[in-house]
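**Student:** One structure is given below, represented as structure tokens, and several questions about it will come after.
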Amino acid sequence: MSRNMATAVGFVAVLLWALLAYFTAASGQVPPFQLTAMSFGIGGLSGILTWIVRPQGPRALRQPLKVWALGVGGLFGYHLLYFTALRNAPTVDASLIAFLWPLLIVLFSALAPGERLRLHHVAGAVMGFAGAALIVTRGQGLTLNPDYAFGYSLALLAALFWSSYSVLSRRFAEVPTDVVTGFCLVTALLATGAHLMLEDTVWPATTGEWLAVIGLGVGPVGLAFFVWDIGVKRGDIQVLGAASYSAPLLSTLLLIALGESPATWAVAGACLLITLGATVAAKDMLFRRRARAAVQRVKPGP
């Protein structure tokens, strides 16, 4: 698989994460950790089902402890820290701090083998973060309250966990993506434990709510992590990081299309910033493709 193709596959995860808010809202009153356990369980079982036609799949689970620590730490660690941050800080504040992870991916990518961080990568990611800030705050600004310092710290740790998982995965490029099935199942088990300790069980009340949970497990909390694994291991990780800021924008545009959120100047500004940021970050990839096409056009025939 080429680098550009792997980047495109990784971006599918961003498109799926755009459905996260809609499916979560449609799932009813299911508590966060219970919903995490259910959706990751469905995601893991979906991976197991593919092994019916790919009997070599289970071999991917035979990995060193450090691979399991990275995978489970990334998936479960991020969700544990993020949900706990939401319990200890205002949702808007914690969500925006946690959404530093795409910017951190771009910055940390300099530590990944074979990568070179350039100014336009950082500039694109910063523009993307500015666009995400407009979406999350709805253009009303943000004032951090020191009384919520603990919650803010957890949100920042969540961003560090996910960005570190994404960048460090590149050091294990030889590990098959099938191992993500195991990561999902272990995360589901750990989330079940967190749910039993911290929450009261609330099951989906309607068929629509059950379908939303299944949708979460198959898409944003299932397939998304498999294609993201391919993208961060073999694609352009800086471009993926900057492009990840399109997830909250696409999510908001979907809610607007469904009539569940108003169209505002903040959304328009975010659209401009995130699109421009992704284009700037992808400058090398875009111009390489154009240069290659130009060479092919002028190449003399036989």
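Convention: chains lettered A, B, ... in structure tokens order; per-chain residue numbering from 1; ligands numbered from 1 as shown.
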So which bits of segment 59-280 of chain A end up helix (DSSP H, G or I) when you DSSP the backbone, as a PyMOL selection string?
**Tutor:** chain A and resi 59-61+65-88+91-98+101-111+119-137+146-172+179-198+207-234+237-243+246-257+265-280
**Student:** Pick out the residues sitting within 6 Å of segment 18-21 of chain A, and hand them over as a PyMOL selection string; count only C-alpha atoms, and ignore anything fewer than 3 positions along from it in its own chain.
**Tutor:** chain A and resi 15+24+220+247+250-251
**Student:** Can you tell me, as a list in words, what residues are no more than 9 Å from Trp162 of chain A when counting only C-alpha atoms, ignoring any on the same chain fewer than 2 positions away?
**Tutor:**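 Final neighbour list, sorted by chain and number: Gly73, Gly74, Leu75, Gly77, Tyr78, Trp101, Pro102, Ile105, Leu157, Ala158, Ala159, Leu160, Ser164, Tyr165, Ser166 and Val167 of chain A.
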**Student:** Counting only C-alpha atoms, which residue out of A:Ala257, A:Ala278, A:Leu240, A:Ala155 sits closest to Phe11 of chain A?
**Tutor:**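 Nearest candidate to Phe11 of chain A out of A:Ala257, A:Ala278, A:Leu240, A:Ala155: A:Leu240.
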**Student:** From the list A:Gly182, A:Pro31, A:Pro248, A:Gly44, which residue is nearest Ala270 of chain A when using only C-alpha atoms?
**Tutor:** A:Pro248
**Student:** Write out as an MDAnalysis selection string the residues lying within 12 Å of Ile274 of chain A, counting only C-alpha atoms and excluding same-chain residues fewer than 5 positions away.
**Tutor:** chainID A and resid 102 123:135 241:250 266:269 279:281
**Student:** Could you list, as a PyMOL selection string, every residue within 8 Å of segment 229-233 of chain A, counting only C-alpha atoms and ignoring same-chain residues fewer than 6 positions away?
**Tutor:** chain A and resi 6-11+166-167+169-173+177+180+240
**Student:** Output the selection as a compact mmCIF listing (two decimals), in the first residue's frame - N, CA and C atoms for each residue.
**Tutor:**
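For reference, again_13.txt as written:
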# COMPACT_ATOMS: atom_id res chain seq x y z
N ALA A 6 -2.48 4.83 2.12
CA ALA A 6 -2.62 4.59 3.56
C ALA A 6 -3.15 5.83 4.26
N THR A 7 -2.75 7.01 3.80
CA THR A 7 -3.27 8.26 4.37
C THR A 7 -4.77 8.36 4.12
N ALA A 8 -5.19 8.02 2.91
CA ALA A 8 -6.61 8.06 2.59
C ALA A 8 -7.41 7.06 3.43
N VAL A 9 -6.85 5.87 3.63
CA VAL A 9 -7.51 4.87 4.48
C VAL A 9 -7.62 5.39 5.91
N GLY A 10 -6.55 6.01 6.42
CA GLY A 10 -6.59 6.56 7.77
C GLY A 10 -7.62 7.66 7.91
N PHE A 11 -7.82 8.44 6.84
CA PHE A 11 -8.80 9.53 6.91
C PHE A 11 -10.23 9.00 7.02
N SER A 166 -0.90 7.13 18.78
CA SER A 166 -0.92 7.24 17.33
C SER A 166 0.50 7.31 16.76
N VAL A 167 1.36 8.12 17.39
CA VAL A 167 2.72 8.29 16.88
C VAL A 167 3.58 7.04 17.17
N SER A 169 2.63 4.05 17.45
CA SER A 169 2.20 2.92 16.62
C SER A 169 3.07 2.78 15.39
N ARG A 170 3.62 3.89 14.95
CA ARG A 170 4.47 3.87 13.76
C ARG A 170 5.73 3.04 13.99
N ARG A 171 6.17 2.94 15.24
CA ARG A 171 7.34 2.12 15.56
C ARG A 171 7.02 0.64 15.52
N PHE A 172 5.73 0.30 15.41
CA PHE A 172 5.32 -1.10 15.33
C PHE A 172 4.57 -1.35 14.02
N ALA A 173 5.11 -0.78 12.95
CA ALA A 173 4.45 -0.88 11.64
C ALA A 173 4.32 -2.32 11.17
N THR A 177 -2.70 -5.19 11.63
CA THR A 177 -3.83 -4.41 12.13
C THR A 177 -4.86 -5.29 12.84
N VAL A 180 -5.79 -4.96 16.57
CA VAL A 180 -6.74 -3.97 17.08
C VAL A 180 -8.00 -4.66 17.61
N LEU A 240 -2.57 13.45 8.44
CA LEU A 240 -3.67 12.86 9.20
C LEU A 240 -3.98 13.66 10.46
